[in-house]
Amino acid sequence: MSRVIARQPFSTPEGIEDYVQFEQRFLTLSRCLFVEIALVECNRVPGYVLDVGCGTGALLAYLRERCPNAKLFGIDPSSHMLTYARRILADNALLMQSPIESFTTTQAFDLIVSYSTLRLWDNPQYGLQKIYEMLAPGGIAYILDLHRDLPLDTVQEIFLHLPEQSQRTFFEQQLSAAYTLSELRYILQSSKIPGIEMRQGGLAGYPPFSAESITLIQQNPRIAEYVFRLGSEGFRTPKASEAVVHIFIRKE
Ligand SMILES: C[S@@+](CC[C@H](N)C(=O)[O-])C[C@H]1O[C@@H](n2cnc3c(N)ncnc32)[C@H](O)[C@@H]1O
């Protein structure tokens with residue numbers, strides 16, 4: 001199966017209405033879990049945070065609750081997404097229209113996050129380098145995306161948890177836009193970023209019941225809560241976590 005990029009759901013008002021339905025139903029818990037892991041990995045209270053591909057602003061809205069004193073920034077190339085995000089966020093975050101590849105700023109960030117966007121970037125190597133450059137010393141970036149190396153039974157099981165055909169079509173399109181694991185390894189290697197790391201599946205890329213994932217759950221009540229709720233609500237099947245890669249960039 002070759003890669004087919006699917007940006008159209010994020011660049012028209014109708015596409016965004018559909019995406020909002022999808023994300024509210026299927027992505028809210030997983031995105032909260034993502035933010036909690038980012039905060040653990042960050043290892044300090046972040047002062048400046050950037051969300052790359054902020055979309056409807058839902059991630060930044062959750063971060064505002066969790067880090068009330070942080071200065072929040074979001075970028076997205078879609079004007080329609082930003083119109084939606086501005087309604088949600090008001091003046092709680094500074095939003096700018098730009099793809100990661102051409103974004104420039106003098107601000108350094110303690111934490112940079114990007115949830116489910118890498119597959120849509122024009123130039124992922126360059127985008128990752130830009131993220132590295134924008135990190136403050138000691139800062140971290142956490143990037144989560146789909147990969148498309150999934151066994152058929154995993155895809156079928158995820159489909160079973162998506163009740164409507166339109167949701168399956170959306171998921172299928174986004175999976176087709178994702179990179180394979182070996183393509184992702186090549187992208188990371190050729191970005192030449194020191195200390196860039198990718199883990200696949202599980203909790204934050206740690207296998208279920210591994211010492212790392214048990215420690216994450218035991219030491220972080222919010223992570224425990226989201227893991228529990230993901231197991232019992234929505235379309236989340238344990239197989240869904242296999243579809244995800246977790247990329248971490250740390251700046252010395
Ligand atoms: C699947 S949506 C995810 C949105 C959001 N992160 C969320 O949690 O719902 C993908 C987003 O990536 C944005 N995007 C596409 N290409 C991008 C690029 N080169 N740089 C930054 N964002 C990009 C799209 O406009 C869209 O809003």
# chains A, B, ... in the order shown; residues from 1 in each chain; ligands from 1
call {"tool": "closest_atom_pairs", "arguments": {"of": "chain A", "to": "ligand 1", "cutoff": "6 Å", "atoms": "only C-alpha atoms and all ligand atoms", "output": "JSON lines"}}
result
{"residue": "A:Phe10", "atom": "CA", "partner": "ligand 1", "partner_atom_place_in_ligand_line": "25 (O)", "distance": 5.1}
{"residue": "A:Val52", "atom": "CA", "partner": "ligand 1", "partner_atom_place_in_ligand_line": "21 (C)", "distance": 5.2}
{"residue": "A:Gly53", "atom": "CA", "partner": "ligand 1", "partner_atom_place_in_ligand_line": "22 (N)", "distance": 3.3}
{"residue": "A:Cys54", "atom": "CA", "partner": "ligand 1", "partner_atom_place_in_ligand_line": "6 (N)", "distance": 4.4}
{"residue": "A:Gly55", "atom": "CA", "partner": "ligand 1", "partner_atom_place_in_ligand_line": "27 (O)", "distance": 3.5}
{"residue": "A:Leu59", "atom": "CA", "partner": "ligand 1", "partner_atom_place_in_ligand_line": "8 (O)", "distance": 5.7}
{"residue": "A:Asp76", "atom": "CA", "partner": "ligand 1", "partner_atom_place_in_ligand_line": "22 (N)", "distance": 4.5}
{"residue": "A:Pro77", "atom": "CA", "partner": "ligand 1", "partner_atom_place_in_ligand_line": "25 (O)", "distance": 5.2}
{"residue": "A:Ser78", "atom": "CA", "partner": "ligand 1", "partner_atom_place_in_ligand_line": "25 (O)", "distance": 4.6}
{"residue": "A:Met81", "atom": "CA", "partner": "ligand 1", "partner_atom_place_in_ligand_line": "27 (O)", "distance": 5.8}
{"residue": "A:Pro99", "atom": "CA", "partner": "ligand 1", "partner_atom_place_in_ligand_line": "20 (N)", "distance": 3.5}
{"residue": "A:Ile100", "atom": "CA", "partner": "ligand 1", "partner_atom_place_in_ligand_line": "20 (N)", "distance": 4.0}
{"residue": "A:Ser114", "atom": "CA", "partner": "ligand 1", "partner_atom_place_in_ligand_line": "6 (N)", "distance": 6.0}
{"residue": "A:Tyr115", "atom": "CA", "partner": "ligand 1", "partner_atom_place_in_ligand_line": "6 (N)", "distance": 4.4}
{"residue": "A:Ser116", "atom": "CA", "partner": "ligand 1", "partner_atom_place_in_ligand_line": "3 (C)", "distance": 5.0}
{"residue": "A:Thr117", "atom": "CA", "partner": "ligand 1", "partner_atom_place_in_ligand_line": "12 (O)", "distance": 4.2}
{"residue": "A:Leu120", "atom": "CA", "partner": "ligand 1", "partner_atom_place_in_ligand_line": "16 (N)", "distance": 4.5}
{"residue": "A:Trp121", "atom": "CA", "partner": "ligand 1", "partner_atom_place_in_ligand_line": "19 (N)", "distance": 3.6}
{"residue": "A:Asp122", "atom": "CA", "partner": "ligand 1", "partner_atom_place_in_ligand_line": "19 (N)", "distance": 5.6}
call {"tool": "closest_atom_pairs", "arguments": {"of": "range 60-99 of chain A", "to": "range 106-109 of chain A", "cutoff": "10 Å", "atoms": "only C-alpha atoms", "output": "CSV"}}
result
residue,atom,partner,partner_atom,distance
A:Lys71,CA,A:Phe109,CA,9.5
A:Leu72,CA,A:Phe109,CA,9.6
A:Phe73,CA,A:Phe109,CA,9.5
call {"tool": "write_last_selection", "arguments": {"atoms": "C-alpha atoms", "output": "PDB file, in the first residue's frame"}}
result
ATOM      1  CA  LYS A  71       2.239  31.067  27.726  1.00  0.00           C
ATOM      2  CA  LEU A  72       0.554  28.957  25.048  1.00  0.00           C
ATOM      3  CA  PHE A  73       1.189  29.196  21.309  1.00  0.00           C
TER       4      PHE A  73
END
call {"tool": "select_by_dssp", "arguments": {"residues": "range 3-241 of chain A", "states": "helix (DSSP H, G or I)", "output": "number ranges by chain"}}
result
A: 8-10, 13-42, 58-66, 79-92, 100-102, 118-120, 124-134, 152-160, 165-177, 181-191, 211-219, 221-232, 238-241
call {"tool": "residues_around", "arguments": {"residues": "range 123-129 of chain A", "least_positions_apart": "3", "cutoff": "6 Å", "atoms": "only C-alpha atoms", "output": "MDAnalysis selection string"}}
result
chainID A and resid 100:101 132 187 191
call {"tool": "residues_around", "arguments": {"residues": "Thr154 in chain A", "least_positions_apart": "2", "cutoff": "9 Å", "atoms": "only C-alpha atoms", "output": "number ranges by chain"}}
result
A: 150-152, 156-159, 239-240, 242-243
call {"tool": "write_last_selection", "arguments": {"atoms": "C-alpha atoms", "output": "tab-separated table (two decimals), in the first residue's frame"}}
result
chain	number	residue	atom	x	y	z
A	150	LEU	CA	-0.54	-2.39	10.88
A	151	PRO	CA	-1.58	-6.02	10.53
A	152	LEU	CA	-4.98	-6.42	8.86
A	156	GLN	CA	-10.27	-4.54	11.27
A	157	GLU	CA	-10.59	-4.39	15.04
A	158	ILE	CA	-10.20	-0.60	15.05
A	159	PHE	CA	-12.85	-0.39	12.31
A	239	LYS	CA	-5.07	-2.60	19.47
A	240	ALA	CA	-5.54	1.11	18.72
A	242	GLU	CA	-0.43	-0.26	18.24
A	243	ALA	CA	-1.26	2.19	15.44
call {"tool": "select_by_dssp", "arguments": {"residues": "range 15-252 of chain A", "states": "strand (DSSP E or B)", "output": "PyMOL selection string"}}
result
chain A and resi 48-52+71-76+94-97+109-115+135-147+179+197-200+203+206+244-250
call {"tool": "residues_around", "arguments": {"residues": "Thr12 in chain A", "least_positions_apart": "3", "cutoff": "10 Å", "atoms": "only C-alpha atoms", "output": "ChimeraX atom specification"}}
result
/A:7-9,15-17,78-81
call {"tool": "write_last_selection", "arguments": {"atoms": "N, CA and C atoms", "output": "short mmCIF file (atom, residue, chain, number, x, y, z; two decimals), in the first residue's frame"}}
result
data_model
loop_
_atom_site.label_atom_id
_atom_site.label_comp_id
_atom_site.auth_asym_id
_atom_site.auth_seq_id
_atom_site.Cartn_x
_atom_site.Cartn_y
_atom_site.Cartn_z
N ARG A 7 -5.13 15.80 3.16
CA ARG A 7 -5.22 17.05 3.93
C ARG A 7 -6.61 17.67 3.85
N GLN A 8 -7.43 17.23 2.86
CA GLN A 8 -8.67 17.96 2.59
C GLN A 8 -9.62 18.05 3.78
N PRO A 9 -9.66 17.04 4.72
CA PRO A 9 -10.61 17.20 5.83
C PRO A 9 -10.28 18.41 6.71
N GLY A 15 -15.25 19.98 6.14
CA GLY A 15 -14.31 18.96 6.62
C GLY A 15 -14.04 19.13 8.10
N ILE A 16 -13.94 20.39 8.52
CA ILE A 16 -13.62 20.63 9.93
C ILE A 16 -14.79 20.27 10.84
N GLU A 17 -16.02 20.57 10.37
CA GLU A 17 -17.19 20.15 11.17
C GLU A 17 -17.17 18.63 11.38
N SER A 78 -4.07 25.78 8.37
CA SER A 78 -5.47 25.89 7.91
C SER A 78 -6.17 27.07 8.56
N SER A 79 -6.59 28.04 7.74
CA SER A 79 -7.29 29.22 8.28
C SER A 79 -8.61 28.79 8.92
N HIS A 80 -9.25 27.76 8.35
CA HIS A 80 -10.55 27.32 8.91
C HIS A 80 -10.36 26.70 10.29
N MET A 81 -9.31 25.91 10.43
CA MET A 81 -9.00 25.34 11.76
C MET A 81 -8.76 26.48 12.77
#
call {"tool": "atom_distance", "arguments": {"atom1": "CA of Gly74 in chain A", "atom2": "CA of Leu94 in chain A"}}
result
6.3 Å
call {"tool": "closest_residue", "arguments": {"among": "A:Ile193, A:Ala177, A:Val227, A:Val40", "to": "Glu252 in chain A", "atoms": "only C-alpha atoms"}}
result
A:Ile193
call {"tool": "atom_distance", "arguments": {"atom1": "CA of Pro238 in chain A", "atom2": "CA of Arg25 in chain A"}}
result
17.1 Å
call {"tool": "closest_residue", "arguments": {"among": "A:Lys130, A:Leu33, A:Asp149, A:Tyr84", "to": "Phe103 in chain A", "atoms": "only C-alpha atoms"}}
result
A:Lys130
call {"tool": "decode", "arguments": {"residues": "range 209-246 of chain A", "atoms": "N, CA and C atoms", "output": "CSV table (one decimal), in the first residue's frame"}}
result
chain,number,residue,atom,x,y,z
A,209,PHE,N,2.3,-3.5,30.6
A,209,PHE,CA,2.9,-4.2,31.8
A,209,PHE,C,4.4,-4.2,31.9
A,210,SER,N,5.0,-3.3,31.1
A,210,SER,CA,6.5,-3.1,31.3
A,210,SER,C,6.7,-2.3,32.5
A,211,ALA,N,7.9,-2.3,33.1
A,211,ALA,CA,8.2,-1.6,34.3
A,211,ALA,C,7.9,-0.1,34.0
A,212,GLU,N,8.3,0.4,32.8
A,212,GLU,CA,8.1,1.8,32.5
A,212,GLU,C,6.6,2.2,32.5
A,213,SER,N,5.8,1.4,31.9
A,213,SER,CA,4.4,1.8,31.8
A,213,SER,C,3.7,1.7,33.2
A,214,ILE,N,4.1,0.7,34.0
A,214,ILE,CA,3.5,0.5,35.3
A,214,ILE,C,3.9,1.7,36.2
A,215,THR,N,5.2,2.1,36.1
A,215,THR,CA,5.6,3.3,36.8
A,215,THR,C,4.8,4.6,36.4
A,216,LEU,N,4.7,4.7,35.1
A,216,LEU,CA,3.9,5.9,34.6
A,216,LEU,C,2.5,5.9,35.3
A,217,ILE,N,1.9,4.8,35.3
A,217,ILE,CA,0.5,4.7,35.8
A,217,ILE,C,0.5,4.9,37.3
A,218,GLN,N,1.4,4.3,38.0
A,218,GLN,CA,1.4,4.3,39.5
A,218,GLN,C,1.8,5.7,40.0
A,219,GLN,N,2.6,6.4,39.3
A,219,GLN,CA,3.1,7.7,39.8
A,219,GLN,C,2.3,8.9,39.3
A,220,ASN,N,1.3,8.7,38.4
A,220,ASN,CA,0.6,9.8,37.8
A,220,ASN,C,-0.9,9.5,37.8
A,221,PRO,N,-1.7,9.9,38.8
A,221,PRO,CA,-3.1,9.6,38.9
A,221,PRO,C,-3.9,9.9,37.6
A,222,ARG,N,-3.5,11.1,37.0
A,222,ARG,CA,-4.3,11.4,35.8
A,222,ARG,C,-4.0,10.4,34.6
A,223,ILE,N,-2.8,10.0,34.5
A,223,ILE,CA,-2.5,9.0,33.5
A,223,ILE,C,-3.3,7.7,33.8
A,224,ALA,N,-3.3,7.3,35.1
A,224,ALA,CA,-4.0,6.1,35.4
A,224,ALA,C,-5.5,6.3,35.1
A,225,GLU,N,-6.0,7.4,35.3
A,225,GLU,CA,-7.5,7.7,35.0
A,225,GLU,C,-7.7,7.5,33.5
A,226,TYR,N,-6.9,8.2,32.7
A,226,TYR,CA,-7.1,8.2,31.3
A,226,TYR,C,-6.9,6.8,30.7
A,227,VAL,N,-5.9,6.1,31.2
A,227,VAL,CA,-5.7,4.7,30.7
A,227,VAL,C,-6.9,3.9,31.0
A,228,PHE,N,-7.4,4.0,32.2
A,228,PHE,CA,-8.6,3.2,32.6
A,228,PHE,C,-9.8,3.6,31.8
A,229,ARG,N,-10.0,4.9,31.6
A,229,ARG,CA,-11.2,5.3,30.8
A,229,ARG,C,-11.1,4.9,29.3
A,230,LEU,N,-9.9,5.0,28.8
A,230,LEU,CA,-9.7,4.6,27.4
A,230,LEU,C,-10.0,3.1,27.2
A,231,GLY,N,-9.8,2.3,28.2
A,231,GLY,CA,-10.1,0.9,28.1
A,231,GLY,C,-11.6,0.6,28.2
A,232,SER,N,-12.4,1.6,28.7
A,232,SER,CA,-13.8,1.2,28.9
A,232,SER,C,-14.7,2.2,28.1
A,233,GLU,N,-14.2,3.2,27.5
A,233,GLU,CA,-15.1,4.1,26.7
A,233,GLU,C,-14.6,4.2,25.3
A,234,GLY,N,-15.5,4.7,24.5
A,234,GLY,CA,-15.2,5.1,23.1
A,234,GLY,C,-14.7,3.9,22.2
A,235,PHE,N,-14.0,4.2,21.2
A,235,PHE,CA,-13.7,3.1,20.2
A,235,PHE,C,-12.3,2.5,20.6
A,236,ARG,N,-11.8,2.9,21.7
A,236,ARG,CA,-10.4,2.4,22.0
A,236,ARG,C,-10.4,1.0,22.3
A,237,THR,N,-9.7,0.3,21.5
A,237,THR,CA,-9.4,-1.1,21.8
A,237,THR,C,-7.9,-1.1,22.1
A,238,PRO,N,-7.4,-2.1,22.9
A,238,PRO,CA,-6.0,-2.1,23.2
A,238,PRO,C,-5.2,-2.1,21.9
A,239,LYS,N,-5.8,-2.6,20.8
A,239,LYS,CA,-5.1,-2.6,19.5
A,239,LYS,C,-4.8,-1.2,18.9
A,240,ALA,N,-5.7,-0.2,19.3
A,240,ALA,CA,-5.5,1.1,18.7
A,240,ALA,C,-4.2,1.7,19.1
A,241,SER,N,-3.7,1.4,20.3
A,241,SER,CA,-2.4,2.0,20.7
A,241,SER,C,-1.3,1.4,19.8
A,242,GLU,N,-1.5,0.3,19.1
A,242,GLU,CA,-0.4,-0.3,18.2
A,242,GLU,C,-0.3,0.6,17.0
A,243,ALA,N,-1.3,1.4,16.7
A,243,ALA,CA,-1.3,2.2,15.4
A,243,ALA,C,-0.4,3.5,15.6
A,244,VAL,N,0.1,3.7,16.8
A,244,VAL,CA,0.7,5.0,17.1
A,244,VAL,C,2.2,4.9,17.3
A,245,VAL,N,2.9,6.0,16.9
A,245,VAL,CA,4.3,6.1,17.3
A,245,VAL,C,4.5,7.4,18.1
A,246,HIS,N,5.5,7.3,19.0
A,246,HIS,CA,5.7,8.4,20.0
A,246,HIS,C,7.2,8.9,19.7
